[in-house]
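Dumped upload-v8.cif below, it's mmCIF, C-alpha atoms (C1' of nucleotides):
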data_my_file
loop_
_atom_site.label_atom_id
_atom_site.label_comp_id
_atom_site.auth_asym_id
_atom_site.auth_seq_id
_atom_site.Cartn_x
_atom_site.Cartn_y
_atom_site.Cartn_z
CA MET L 926 0.00 0.00 0.00
CA ALA L 927 1.22 3.43 -0.89
CA ARG L 928 1.89 5.51 2.20
CA ARG L 929 0.20 8.78 2.83
CA SER L 930 3.44 10.69 2.90
CA ASP L 931 5.00 9.06 -0.12
CA HIS L 932 4.02 12.00 -2.25
CA SER L 933 2.43 15.39 -1.76
CA ARG L 934 -0.91 16.00 -3.42
CA ASP L 935 0.72 17.89 -6.27
CA GLU L 936 3.42 15.27 -6.74
CA LEU L 937 0.77 12.58 -6.86
CA ARG L 938 -1.20 14.58 -9.40
CA ALA L 939 1.90 14.92 -11.56
CA ILE L 940 2.71 11.21 -11.26
CA ILE L 941 -0.79 10.16 -12.30
CA ILE L 942 -0.82 12.54 -15.27
CA ALA L 943 2.62 11.38 -16.42
CA GLU L 944 1.82 7.68 -16.18
CA GLY L 945 -1.72 8.20 -17.48
CA HIS L 946 -0.28 10.00 -20.47
CA ARG L 947 2.12 7.14 -21.11
CA HIS L 948 -0.72 4.63 -20.83
CA MET L 949 -2.85 6.67 -23.25
CA GLN L 950 -0.01 6.82 -25.76
CA GLU L 951 0.48 3.05 -25.47
CA VAL L 952 -3.09 1.75 -25.73
CA GLY L 953 -5.18 4.62 -27.12
CA PHE L 954 -8.37 6.24 -25.90
CA ALA L 955 -10.69 3.29 -26.59
CA ALA L 956 -8.61 0.87 -24.50
CA PHE L 957 -7.60 3.39 -21.84
CA SER L 958 -8.37 2.31 -18.28
CA ALA L 959 -8.14 4.29 -15.06
CA ARG L 960 -7.60 1.04 -13.17
CA LYS L 961 -4.56 0.22 -15.27
CA VAL L 962 -3.08 3.63 -14.55
CA ALA L 963 -3.61 3.02 -10.83
CA GLN L 964 -1.83 -0.34 -11.11
CA ARG L 965 1.07 1.21 -13.02
CA ILE L 966 1.79 3.70 -10.23
CA GLY L 967 1.02 1.33 -7.35
CA TYR L 968 -1.99 3.20 -6.01
CA SER L 969 -5.58 2.03 -5.83
CA ILE L 970 -8.35 3.14 -8.16
CA GLY L 971 -9.95 5.12 -5.35
CA THR L 972 -6.95 7.43 -5.11
CA LEU L 973 -7.33 8.52 -8.73
CA TYR L 974 -10.88 9.55 -7.93
CA ASN L 975 -9.74 11.46 -4.88
CA VAL L 976 -7.33 13.45 -6.98
CA PHE L 977 -9.28 13.97 -10.21
CA GLY L 978 -12.90 13.51 -9.10
CA SER L 979 -13.92 11.54 -12.16
CA TYR L 980 -12.81 9.75 -15.27
CA ASP L 981 -13.49 12.90 -17.30
CA GLY L 982 -11.27 14.90 -14.95
CA LEU L 983 -8.43 12.44 -15.42
CA ILE L 984 -8.71 12.40 -19.20
CA SER L 985 -8.93 16.20 -19.31
CA ALA L 986 -5.70 16.42 -17.31
CA ILE L 987 -3.97 13.93 -19.60
CA ASN L 988 -5.17 15.77 -22.69
CA GLY L 989 -3.96 19.01 -21.14
CA ARG L 990 -0.53 17.42 -20.86
CA THR L 991 -0.69 16.48 -24.55
CA LEU L 992 -1.50 20.10 -25.45
CA ASP L 993 1.49 21.26 -23.42
CA LEU L 994 3.77 18.80 -25.19
CA TRP L 995 2.37 19.80 -28.56
CA HIS L 996 2.95 23.47 -27.83
CA ASP L 997 6.49 22.76 -26.67
CA TYR L 998 7.15 20.67 -29.76
CA LEU L 999 5.98 23.44 -32.09
CA ALA L 1000 8.02 26.06 -30.22
CA MET L 1001 11.11 23.83 -30.25
CA ARG L 1002 10.80 23.13 -33.96
CA MET L 1003 10.22 26.78 -34.85
CA ALA L 1004 13.19 27.89 -32.78
CA SER L 1005 15.61 26.18 -35.16
CA VAL L 1006 14.21 27.49 -38.43
CA SER L 1007 14.73 30.76 -40.26
CA GLU L 1008 13.50 30.24 -43.83
CA HIS L 1009 10.22 28.59 -44.93
CA ARG L 1010 8.76 28.98 -41.48
CA LEU L 1011 5.18 28.23 -42.56
CA SER L 1012 6.27 24.99 -44.14
CA ALA L 1013 8.19 24.11 -40.98
CA ALA L 1014 5.16 24.87 -38.83
CA ILE L 1015 2.90 22.60 -40.88
CA HIS L 1016 5.49 19.83 -40.83
CA ALA L 1017 5.78 20.18 -37.06
CA TYR L 1018 1.99 20.00 -36.68
CA PHE L 1019 1.84 16.74 -38.64
CA GLU L 1020 4.98 15.34 -37.02
CA PHE L 1021 3.60 15.69 -33.53
CA ALA L 1022 0.41 13.87 -34.51
CA LEU L 1023 2.38 11.07 -36.17
CA LEU L 1024 4.85 10.71 -33.30
CA ASN L 1025 2.06 10.72 -30.72
CA ARG L 1026 -0.79 9.03 -32.56
CA HIS L 1027 -2.78 7.86 -29.57
CA SER L 1028 -2.42 10.78 -27.22
CA TRP L 1029 -3.03 13.17 -30.12
CA ALA L 1030 -6.18 11.28 -31.16
CA ALA L 1031 -7.42 11.29 -27.54
CA LEU L 1032 -7.59 15.08 -27.79
CA TYR L 1033 -10.50 14.65 -30.22
CA ASP L 1034 -11.89 11.24 -29.24
CA PHE L 1035 -12.76 12.50 -25.79
CA ARG L 1036 -15.63 14.92 -25.32
CA LEU L 1037 -16.95 16.48 -22.13
CA PRO L 1038 -20.74 16.35 -21.59
CA GLU L 1039 -22.52 18.75 -23.97
CA ASP L 1040 -23.14 21.46 -21.39
CA THR L 1041 -19.67 21.35 -19.77
CA PRO L 1042 -17.04 23.62 -21.32
CA PRO L 1043 -13.37 22.68 -20.75
CA ASP L 1044 -11.85 24.37 -17.71
CA GLY L 1045 -9.93 27.62 -18.09
CA GLU L 1046 -6.55 25.97 -17.84
CA TYR L 1047 -7.33 23.67 -20.74
CA GLN L 1048 -8.63 26.58 -22.80
CA ASP L 1049 -5.42 28.49 -22.11
CA LYS L 1050 -3.38 25.62 -23.49
CA VAL L 1051 -5.43 25.65 -26.70
CA ARG L 1052 -4.96 29.40 -26.97
CA ALA L 1053 -1.21 28.99 -26.41
CA ILE L 1054 -0.98 26.81 -29.52
CA MET L 1055 -3.12 29.33 -31.38
CA ALA L 1056 -0.77 32.11 -30.30
CA THR L 1057 2.22 30.23 -31.71
CA VAL L 1058 0.45 29.96 -35.04
CA GLU L 1059 -0.61 33.61 -34.98
CA THR L 1060 2.99 34.68 -34.56
CA GLU L 1061 3.93 32.85 -37.75
CA ILE L 1062 0.97 34.18 -39.71
CA ALA L 1063 1.71 37.74 -38.59
CA ALA L 1064 5.34 37.33 -39.64
CA ALA L 1065 4.31 36.04 -43.07
CA LEU L 1066 1.67 38.69 -43.73
CA PRO L 1067 2.62 42.02 -45.36
CA PRO L 1068 2.15 45.14 -43.21
CA HIS L 1069 -1.11 46.24 -44.84
CA ARG L 1070 -2.74 42.90 -43.98
CA GLN L 1071 -1.69 42.61 -40.32
CA HIS L 1072 -5.26 43.28 -39.19
CA GLU L 1073 -6.32 39.94 -40.71
CA THR L 1074 -3.92 38.00 -38.51
CA ALA L 1075 -6.26 36.57 -35.85
CA PRO L 1076 -9.12 35.34 -38.06
CA LEU L 1077 -6.76 34.14 -40.78
CA ALA L 1078 -4.61 32.24 -38.30
CA ARG L 1079 -7.73 30.51 -36.90
CA SER L 1080 -8.88 29.56 -40.38
CA LEU L 1081 -5.48 28.28 -41.45
CA LEU L 1082 -5.08 26.28 -38.26
CA ALA L 1083 -8.43 24.64 -39.07
CA THR L 1084 -7.24 24.07 -42.64
CA VAL L 1085 -4.03 22.34 -41.58
CA HIS L 1086 -5.93 20.43 -38.91
CA GLY L 1087 -8.40 19.13 -41.49
CA HIS L 1088 -5.56 17.79 -43.62
CA CYS L 1089 -3.96 16.27 -40.53
CA VAL L 1090 -7.22 14.58 -39.47
CA PHE L 1091 -7.76 13.06 -42.92
CA THR L 1092 -4.17 11.81 -42.83
CA MET L 1093 -4.45 10.25 -39.39
CA ASN L 1094 -7.89 8.64 -39.77
CA GLY L 1095 -7.25 7.05 -43.13
CA THR L 1096 -9.59 9.22 -45.23
CA PHE L 1097 -6.71 10.43 -47.41
CA ARG L 1098 -5.58 6.85 -47.94
CA ILE L 1099 -9.04 5.98 -49.24
CA LEU L 1100 -9.02 9.05 -51.49
CA GLY L 1101 -5.51 8.40 -52.81
CA GLU L 1102 -3.87 11.54 -51.46
CA ALA L 1103 -0.13 10.89 -51.35
CA ASP L 1104 1.20 14.20 -50.02
CA PRO L 1105 -1.18 15.81 -47.51
CA VAL L 1106 1.47 18.14 -46.07
CA ALA L 1107 2.12 19.63 -49.51
CA ALA L 1108 -1.63 20.07 -50.01
CA ALA L 1109 -1.98 21.85 -46.67
CA LEU L 1110 1.01 24.06 -47.44
CA ALA L 1111 -0.48 24.98 -50.82
CA ARG L 1112 -3.70 26.16 -49.09
CA VAL L 1113 -1.77 28.19 -46.54
CA GLU L 1114 0.51 29.87 -49.05
CA GLN L 1115 -2.46 30.68 -51.24
CA ALA L 1116 -4.09 32.45 -48.29
CA ILE L 1117 -1.00 34.39 -47.34
CA GLY L 1118 -0.48 35.48 -50.96
CA MET U 722 -38.66 -14.15 -28.27
CA ALA U 723 -38.31 -13.14 -31.85
CA ARG U 724 -39.22 -15.96 -34.19
CA ARG U 725 -36.83 -17.31 -36.72
CA SER U 726 -39.08 -16.40 -39.64
CA ASP U 727 -40.03 -12.93 -38.49
CA HIS U 728 -37.46 -11.39 -40.78
CA SER U 729 -35.05 -12.52 -43.47
CA ARG U 730 -31.38 -12.09 -42.83
CA ASP U 731 -31.26 -8.94 -44.94
CA GLU U 732 -34.37 -7.48 -43.32
CA LEU U 733 -32.89 -8.13 -39.91
CA ARG U 734 -29.64 -6.46 -40.96
CA ALA U 735 -31.55 -3.43 -42.14
CA ILE U 736 -33.63 -3.27 -38.94
CA ILE U 737 -30.54 -3.42 -36.73
CA ILE U 738 -28.75 -0.74 -38.73
CA ALA U 739 -31.79 1.54 -38.70
CA GLU U 740 -32.40 1.21 -34.97
CA GLY U 741 -28.68 1.24 -34.19
CA HIS U 742 -28.35 4.46 -36.14
CA ARG U 743 -31.24 5.98 -34.19
CA HIS U 744 -29.66 4.88 -30.91
CA MET U 745 -26.30 6.35 -31.96
CA GLN U 746 -27.93 9.66 -32.86
CA GLU U 747 -29.73 9.71 -29.50
CA VAL U 748 -26.93 8.82 -27.07
CA GLY U 749 -23.67 9.31 -28.99
CA PHE U 750 -20.70 7.02 -29.52
CA ALA U 751 -19.42 7.02 -25.92
CA ALA U 752 -22.76 5.85 -24.49
CA PHE U 753 -23.68 3.59 -27.39
CA SER U 754 -24.53 0.03 -26.37
CA ALA U 755 -25.13 -3.02 -28.56
CA ARG U 756 -27.30 -4.49 -25.80
CA LYS U 757 -29.60 -1.47 -25.89
CA VAL U 758 -29.98 -1.79 -29.64
CA ALA U 759 -30.94 -5.44 -29.16
CA GLN U 760 -33.55 -4.44 -26.57
CA ARG U 761 -34.98 -1.75 -28.85
CA ILE U 762 -35.68 -4.24 -31.64
CA GLY U 763 -36.73 -7.12 -29.36
CA TYR U 764 -33.87 -9.44 -30.23
CA SER U 765 -31.15 -10.77 -27.96
CA ILE U 766 -27.59 -9.53 -27.92
CA GLY U 767 -26.42 -12.80 -29.45
CA THR U 768 -28.38 -12.13 -32.63
CA LEU U 769 -26.49 -8.88 -33.28
CA TYR U 770 -23.27 -10.87 -33.13
CA ASN U 771 -24.67 -13.48 -35.52
CA VAL U 772 -25.42 -10.77 -38.05
CA PHE U 773 -22.46 -8.41 -37.64
CA GLY U 774 -19.77 -10.62 -36.09
CA SER U 775 -18.52 -8.00 -33.68
CA TYR U 776 -19.10 -4.62 -32.13
CA ASP U 777 -16.79 -3.08 -34.72
CA GLY U 778 -18.83 -4.65 -37.51
CA LEU U 779 -22.01 -3.14 -36.09
CA ILE U 780 -20.53 0.33 -35.69
CA SER U 781 -19.03 0.19 -39.19
CA ALA U 782 -22.45 -0.62 -40.61
CA ILE U 783 -24.07 2.22 -38.67
CA ASN U 784 -21.37 4.65 -39.78
CA GLY U 785 -21.87 3.44 -43.34
CA ARG U 786 -25.52 4.40 -43.01
CA THR U 787 -24.47 7.86 -41.80
CA LEU U 788 -22.24 8.28 -44.85
CA ASP U 789 -25.16 7.33 -47.11
CA LEU U 790 -27.42 9.85 -45.40
CA TRP U 791 -24.72 12.51 -45.63
CA HIS U 792 -24.24 11.86 -49.32
CA ASP U 793 -28.00 11.99 -49.92
CA TYR U 794 -28.26 15.21 -47.94
CA LEU U 795 -25.52 16.88 -49.99
CA ALA U 796 -27.06 15.71 -53.26
CA MET U 797 -30.51 16.87 -52.18
CA ARG U 798 -29.26 20.29 -51.15
CA MET U 799 -27.22 20.78 -54.33
CA ALA U 800 -30.15 19.77 -56.53
CA SER U 801 -32.08 22.89 -55.53
CA VAL U 802 -29.32 25.44 -56.06
CA SER U 803 -28.08 27.20 -59.18
CA GLU U 804 -25.97 30.15 -58.02
CA HIS U 805 -23.29 30.17 -55.30
CA ARG U 806 -23.01 26.40 -55.44
CA LEU U 807 -19.74 26.25 -53.47
CA SER U 808 -21.28 28.25 -50.65
CA ALA U 809 -24.30 25.97 -50.70
CA ALA U 810 -22.09 22.88 -50.57
CA ILE U 811 -20.20 24.16 -47.53
CA HIS U 812 -23.42 25.10 -45.78
CA ALA U 813 -24.81 21.64 -46.49
CA TYR U 814 -21.65 20.02 -45.10
CA PHE U 815 -21.98 21.95 -41.83
CA GLU U 816 -25.75 21.54 -41.67
CA PHE U 817 -25.56 17.79 -41.80
CA ALA U 818 -23.04 17.73 -38.98
CA LEU U 819 -25.17 20.07 -36.86
CA LEU U 820 -28.42 18.21 -37.55
CA ASN U 821 -26.79 14.85 -36.84
CA ARG U 822 -24.24 15.70 -34.16
CA HIS U 823 -23.88 12.27 -32.62
CA SER U 824 -23.99 10.05 -35.67
CA TRP U 825 -21.68 12.48 -37.49
CA ALA U 826 -19.20 12.46 -34.60
CA ALA U 827 -19.30 8.66 -34.47
CA LEU U 828 -17.80 8.66 -37.96
CA TYR U 829 -14.58 9.99 -36.41
CA ASP U 830 -14.82 8.76 -32.80
CA PHE U 831 -14.75 5.16 -33.95
CA ARG U 832 -11.58 3.64 -35.33
CA LEU U 833 -10.93 0.13 -36.61
CA PRO U 834 -7.81 -1.64 -35.26
CA GLU U 835 -4.66 -0.10 -36.75
CA ASP U 836 -4.06 -2.88 -39.29
CA THR U 837 -7.66 -3.22 -40.45
CA PRO U 838 -8.72 -0.98 -43.33
CA PRO U 839 -12.46 -0.25 -43.70
CA ASP U 840 -14.26 -2.69 -46.04
CA GLY U 841 -14.73 -1.82 -49.70
CA GLU U 842 -18.35 -0.83 -49.29
CA TYR U 843 -17.46 1.73 -46.65
CA GLN U 844 -14.66 3.10 -48.80
CA ASP U 845 -17.08 3.44 -51.72
CA LYS U 846 -19.37 5.57 -49.58
CA VAL U 847 -16.50 7.89 -48.69
CA ARG U 848 -15.57 8.15 -52.37
CA ALA U 849 -19.19 8.89 -53.24
CA ILE U 850 -19.11 11.99 -51.04
CA MET U 851 -15.75 12.91 -52.55
CA ALA U 852 -17.25 12.57 -56.04
CA THR U 853 -20.05 14.96 -55.15
CA VAL U 854 -17.48 17.52 -54.07
CA GLU U 855 -15.34 16.94 -57.15
CA THR U 856 -18.30 17.71 -59.39
CA GLU U 857 -18.67 21.10 -57.75
CA ILE U 858 -14.98 21.91 -57.88
CA ALA U 859 -14.80 20.93 -61.54
CA ALA U 860 -17.79 23.17 -62.29
CA ALA U 861 -16.17 26.10 -60.50
CA LEU U 862 -12.73 25.71 -62.06
CA PRO U 863 -11.89 27.43 -65.37
CA PRO U 864 -11.16 25.09 -68.34
CA HIS U 865 -7.38 25.49 -68.16
CA ARG U 866 -7.35 24.26 -64.53
CA GLN U 867 -9.59 21.21 -64.90
CA HIS U 868 -6.59 18.92 -64.41
CA GLU U 869 -6.28 20.13 -60.81
CA THR U 870 -9.79 18.96 -59.95
CA ALA U 871 -9.09 15.75 -58.02
CA PRO U 872 -6.23 16.91 -55.73
CA LEU U 873 -7.81 20.32 -55.20
CA ALA U 874 -11.17 18.79 -54.31
CA ARG U 875 -9.48 16.52 -51.76
CA SER U 876 -7.63 19.43 -50.21
CA LEU U 877 -10.70 21.64 -50.06
CA LEU U 878 -12.78 18.86 -48.55
CA ALA U 879 -10.11 18.57 -45.85
CA THR U 880 -10.17 22.35 -45.43
CA VAL U 881 -13.94 22.51 -44.94
CA HIS U 882 -13.79 19.45 -42.72
CA GLY U 883 -11.20 21.10 -40.49
CA HIS U 884 -13.44 24.12 -40.01
CA CYS U 885 -16.39 21.82 -39.33
CA VAL U 886 -14.43 19.80 -36.75
CA PHE U 887 -13.33 22.93 -34.88
CA THR U 888 -16.94 24.12 -34.90
CA MET U 889 -18.36 20.85 -33.60
CA ASN U 890 -15.74 20.13 -30.92
CA GLY U 891 -15.71 23.59 -29.39
CA THR U 892 -12.24 24.67 -30.49
CA PHE U 893 -13.64 27.61 -32.44
CA ARG U 894 -15.66 28.66 -29.40
CA ILE U 895 -12.48 28.76 -27.33
CA LEU U 896 -10.72 30.73 -30.07
CA GLY U 897 -13.59 33.20 -30.51
CA GLU U 898 -14.42 32.33 -34.12
CA ALA U 899 -17.97 33.51 -34.76
CA ASP U 900 -18.48 32.55 -38.41
CA PRO U 901 -16.68 29.33 -39.31
CA VAL U 902 -18.72 28.77 -42.48
CA ALA U 903 -17.64 32.14 -43.84
CA ALA U 904 -14.02 31.35 -42.99
CA ALA U 905 -14.21 28.01 -44.79
CA LEU U 906 -15.86 29.63 -47.80
CA ALA U 907 -13.10 32.27 -47.93
CA ARG U 908 -10.45 29.54 -48.08
CA VAL U 909 -12.31 27.67 -50.83
CA GLU U 910 -12.92 30.74 -52.99
CA GLN U 911 -9.31 31.75 -52.58
CA ALA U 912 -8.25 28.37 -53.94
CA ILE U 913 -10.64 28.42 -56.87
CA GLY U 914 -9.51 31.89 -57.81
"C1'" DA D 876 -48.18 -36.70 -41.08
"C1'" DC D 877 -43.99 -37.69 -38.93
"C1'" DC D 878 -39.12 -37.62 -38.20
"C1'" DT D 879 -34.62 -35.61 -38.73
"C1'" DA D 880 -31.09 -32.33 -39.86
"C1'" DT D 881 -30.17 -27.72 -39.99
"C1'" DT D 882 -30.01 -23.21 -38.46
"C1'" DA D 883 -31.78 -18.95 -36.06
"C1'" DC D 884 -31.85 -17.43 -31.67
"C1'" DT D 885 -31.16 -17.08 -26.73
"C1'" DG D 886 -29.13 -15.59 -22.44
"C1'" DA D 887 -26.09 -17.03 -18.69
"C1'" DA D 888 -21.19 -16.69 -17.91
"C1'" DC D 889 -16.74 -14.21 -18.19
"C1'" DA D 890 -13.63 -10.61 -17.76
"C1'" DC D 891 -13.60 -6.18 -17.92
"C1'" DT D 892 -15.20 -1.06 -17.17
"C1'" DG D 893 -16.30 3.65 -14.26
"C1'" DT D 894 -17.98 4.89 -9.82
"C1'" DT D 895 -19.01 4.96 -4.85
"C1'" DC D 896 -18.04 4.83 -0.07
"C1'" DA D 897 -17.52 2.44 4.54
"C1'" DA D 898 -13.52 0.83 6.62
"C1'" DT D 899 -8.72 1.22 7.59
"C1'" DT D 900 -4.37 3.14 8.24
"C1'" DA D 901 -1.08 6.82 8.82
"C1'" DA D 902 0.03 11.49 10.07
"C1'" DA D 903 -0.82 15.70 12.75
"C1'" DT D 904 -2.24 17.74 16.79
"C1'" DA D 905 -3.29 18.22 21.69
"C1'" DT Q 978 0.77 9.24 24.52
"C1'" DA Q 979 -4.15 9.86 23.12
"C1'" DT Q 980 -7.05 11.87 19.94
"C1'" DT Q 981 -8.41 13.98 15.83
"C1'" DT Q 982 -7.92 14.48 10.99
"C1'" DA Q 983 -7.09 13.06 6.43
"C1'" DA Q 984 -5.23 9.89 2.85
"C1'" DT Q 985 -5.80 5.42 0.96
"C1'" DT Q 986 -8.00 1.20 0.09
"C1'" DG Q 987 -10.76 -2.29 -2.31
"C1'" DA Q 988 -15.15 -4.69 -2.24
"C1'" DA Q 989 -19.61 -3.82 -4.23
"C1'" DC Q 990 -22.64 -2.25 -8.05
"C1'" DA Q 991 -24.37 -1.69 -12.48
"C1'" DG Q 992 -22.99 -1.63 -16.71
"C1'" DT Q 993 -20.02 -3.14 -21.03
"C1'" DG Q 994 -18.35 -6.44 -25.29
"C1'" DT Q 995 -17.89 -11.24 -26.24
"C1'" DT Q 996 -18.59 -16.25 -26.34
"C1'" DC Q 997 -21.03 -20.43 -26.92
"C1'" DA Q 998 -23.70 -24.47 -25.15
"C1'" DG Q 999 -28.40 -25.09 -25.32
"C1'" DT Q 1000 -33.00 -24.47 -27.21
"C1'" DA Q 1001 -36.57 -23.60 -30.42
"C1'" DA Q 1002 -38.27 -23.29 -35.06
"C1'" DT Q 1003 -37.92 -24.32 -39.76
"C1'" DA Q 1004 -36.91 -27.18 -44.06
"C1'" DG Q 1005 -36.37 -31.49 -46.25
"C1'" DG Q 1006 -37.02 -36.30 -46.70
"C1'" DT Q 1007 -39.79 -40.39 -45.97
#

Any chance you could put this one into structure tokens?
Amino acid sequence: MARRSDHSRDELRAIIIAEGHRHMQEVGFAAFSARKVAQRIGYSIGTLYNVFGSYDGLISAINGRTLDLWHDYLAMRMASVSEHRLSAAIHAYFEFALLNRHSWAALYDFRLPEDTPPDGEYQDKVRAIMATVETEIAAALPPHRQHETAPLARSLLATVHGHCVFTMNGTFRILGEADPVAAALARVEQAIG
Amino acid sequence: MARRSDHSRDELRAIIIAEGHRHMQEVGFAAFSARKVAQRIGYSIGTLYNVFGSYDGLISAINGRTLDLWHDYLAMRMASVSEHRLSAAIHAYFEFALLNRHSWAALYDFRLPEDTPPDGEYQDKVRAIMATVETEIAAALPPHRQHETAPLARSLLATVHGHCVFTMNGTFRILGEADPVAAALARVEQAIG
DNA sequence: ACCTATTACTGAACACTGTTCAATTAAATA
DNA sequence: TATTTAATTGAACAGTGTTCAGTAATAGGT
């Protein structure tokens, strides 16, 4: 039995999220199990409920971790690029999804009850990724079009995301699309002008 | 107990798909239950497995039905429009998702095992929707760009889909996007020129 | 009309799931 | 040291997908 003082509340929270994230990445959302996560860290199932309140709370925390990692990955990739930054950003977007298939998919497989919006922390993480994209769009846009930045960045993120989704879920395989990244880049460059 | 001769094999298949589709639309993928479908049609759970072999087989059939309905909806909507056909097509795409939230979402929430591609019939249904879109893109493209039709139609379908996904899963709400359909239309018109 | 072979159908059994909560154990306080 | 407080447990519950021996109903042959 895990002792009360083995870990502080925050440590325990971090341990569960870390191991839960690993478990998600290994087995995917459909086969994910809170009990298995408890086993992996040597605590009982009840403890997970003490810390996260519910299954949804646990998954939200794990997905939040994925958003953090995604944001970090994008920032890291962009830090080492000077030319063709839009192309690099799109590649990084796809790369993260491919390198983290299951935890990336869990972001979209999981949905809170209809009337429950994600908590503020989660929303901030989504906006952090958006901000990274906005920076690139602003840098690519000529001065007289800077005012378009926010809406255009949202739309282009959705555009790239659509191509990424069709790549990951097999739709593009069915349709015979061989180079989805190039297609996404073409749409983005067309919009930037 | 349902009698052996109540329905032919094909009738039974159709009944299960119809009621399963209704159940999916009512409760969504996460709460979907094969047992409940069996109850709703007055057959036992075992019979569903006789007909569809597995849970995955049942869901695939239900999702196939959704693709058919989606295709029919697009065709129906496009049949009554002469001007602004691209705008109408995008609106129809979003409308179907909004009017059929749960069964539409199930199309993407459900995934076959990694190594199992969808059966040919399912793939044909996806291609049928693609063909509808291709027709519109071809009609909108000037003669000297007709050769781009197939890849461009794929990319624009992904573009519209991305905007639709962000609308349905709340991402656009977090990001403050008020008119996703207009954004998608802007991207499409930009690509058509 | 009866018997038999075939097949549609059932539902209990199994191993799992998320969730709850009384009981237990360890730490903190008096 | 005795008592209060809080963290941790895991059995219990209602549900899931899946299997398959058993049963009931039909079709075919005599």

Could you list, with a cut-off of 10 Å and counting only C-alpha atoms (C1' of nucleotides), the residues of chain D near chain L, each shown with its nearest atom pair and the distance in Å rounded to one decimal, rows sorted by chain and ascending number, as JSON lines?
{"residue": "D:DC891", "atom": "C1'", "partner": "L:Ser958", "partner_atom": "CA", "distance": 10.0}
{"residue": "D:DT892", "atom": "C1'", "partner": "L:Ser958", "partner_atom": "CA", "distance": 7.7}
{"residue": "D:DG893", "atom": "C1'", "partner": "L:Tyr980", "partner_atom": "CA", "distance": 7.1}
{"residue": "D:DT894", "atom": "C1'", "partner": "L:Ser979", "partner_atom": "CA", "distance": 8.1}
{"residue": "D:DT895", "atom": "C1'", "partner": "L:Gly971", "partner_atom": "CA", "distance": 9.1}
{"residue": "D:DC896", "atom": "C1'", "partner": "L:Gly971", "partner_atom": "CA", "distance": 9.7}
{"residue": "D:DT900", "atom": "C1'", "partner": "L:Arg928", "partner_atom": "CA", "distance": 9.0}
{"residue": "D:DA901", "atom": "C1'", "partner": "L:Arg929", "partner_atom": "CA", "distance": 6.4}
{"residue": "D:DA902", "atom": "C1'", "partner": "L:Arg929", "partner_atom": "CA", "distance": 7.7}

Output file for the residues above (C-alpha atoms (C1' of nucleotides), as a PDB file, in the frame of the given file):
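Output file out22.pdb is given in full below:
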ATOM      1  C1'  DC D 891     -13.600  -6.180 -17.920  1.00  0.00           C
ATOM      2  C1'  DT D 892     -15.200  -1.060 -17.170  1.00  0.00           C
ATOM      3  C1'  DG D 893     -16.300   3.650 -14.260  1.00  0.00           C
ATOM      4  C1'  DT D 894     -17.980   4.890  -9.820  1.00  0.00           C
ATOM      5  C1'  DT D 895     -19.010   4.960  -4.850  1.00  0.00           C
ATOM      6  C1'  DC D 896     -18.040   4.830  -0.070  1.00  0.00           C
ATOM      7  C1'  DT D 900      -4.370   3.140   8.240  1.00  0.00           C
ATOM      8  C1'  DA D 901      -1.080   6.820   8.820  1.00  0.00           C
ATOM      9  C1'  DA D 902       0.030  11.490  10.070  1.00  0.00           C
TER      10       DA D 902
END

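Set the cut-off at 6 Å, count all atoms listed in the file, and the residues of chain L near chain U turn out to be Asp1034, Ala1083, Thr1084, His1086, Gly1087 and His1088 of chain L.
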
When the cut-off is 8 Å and we count all atoms listed in the file, which residues of chain Q are near chain L, given as a list in words?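 Close to chain L, chain Q has DA984, DT985, DT986 and DG987 of chain Q.
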
Dump as a PDB file, in the coordinates of the input, selection limited to C-alpha atoms (C1' of nucleotides):
ATOM      1  C1'  DA Q 984      -5.230   9.890   2.850  1.00  0.00           C
ATOM      2  C1'  DT Q 985      -5.800   5.420   0.960  1.00  0.00           C
ATOM      3  C1'  DT Q 986      -8.000   1.200   0.090  1.00  0.00           C
ATOM      4  C1'  DG Q 987     -10.760  -2.290  -2.310  1.00  0.00           C
TER       5       DG Q 987
END

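Pairwise distance (atom CA of U:Leu769, atom CA of U:Trp825) equals 22.3 Å.
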
Could you check the closest approach to L:Asp935 for each of L:Val976, L:Ala1065, L:Leu999, L:Ala1014 and tell me which residue wins, using all atoms listed in the file?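 Looking at the shortest contact to L:Asp935, the residue is L:Val976.
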
Using only C-alpha atoms, find the one residue out of L:Ala939, L:Leu1032, L:Ala1053, L:Ala1064 that sits nearest to L:His1009.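 Once distances to L:His1009 are computed over only C-alpha atoms, the minimum belongs to L:Ala1064.
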
Which residues, protein or nucleic acid, reach to within 9 Å of (-20.0, -4.5, -18.5) in the file's coordinates when using only C-alpha atoms (C1' of nucleotides), and can you give that as a PDB file with C-alpha atoms (C1' of nucleotides), keeping the file's coordinate frame?
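Below is the file out_7.pdb, written as the result:
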ATOM      1  C1'  DA D 890     -13.630 -10.610 -17.760  1.00  0.00           C
ATOM      2  C1'  DC D 891     -13.600  -6.180 -17.920  1.00  0.00           C
ATOM      3  C1'  DT D 892     -15.200  -1.060 -17.170  1.00  0.00           C
TER       4       DT D 892
ATOM      5  C1'  DA Q 991     -24.370  -1.690 -12.480  1.00  0.00           C
ATOM      6  C1'  DG Q 992     -22.990  -1.630 -16.710  1.00  0.00           C
ATOM      7  C1'  DT Q 993     -20.020  -3.140 -21.030  1.00  0.00           C
ATOM      8  C1'  DG Q 994     -18.350  -6.440 -25.290  1.00  0.00           C
TER       9       DG Q 994
END

Enumerate, as a short mmCIF file (atom, residue, chain, number, x, y, z; two decimals) with C-alpha atoms (C1' of nucleotides), in the frame of the given file, the residues matched when the PyMOL selection byres ((chain Q and resi 981) around 10) is run on the file above.
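Okay, this is what ended up in expr_3.cif:
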data_model
loop_
_atom_site.label_atom_id
_atom_site.label_comp_id
_atom_site.auth_asym_id
_atom_site.auth_seq_id
_atom_site.Cartn_x
_atom_site.Cartn_y
_atom_site.Cartn_z
"C1'" DA D 903 -0.82 15.70 12.75
"C1'" DT D 904 -2.24 17.74 16.79
"C1'" DA D 905 -3.29 18.22 21.69
"C1'" DA Q 979 -4.15 9.86 23.12
"C1'" DT Q 980 -7.05 11.87 19.94
"C1'" DT Q 982 -7.92 14.48 10.99
"C1'" DA Q 983 -7.09 13.06 6.43
#
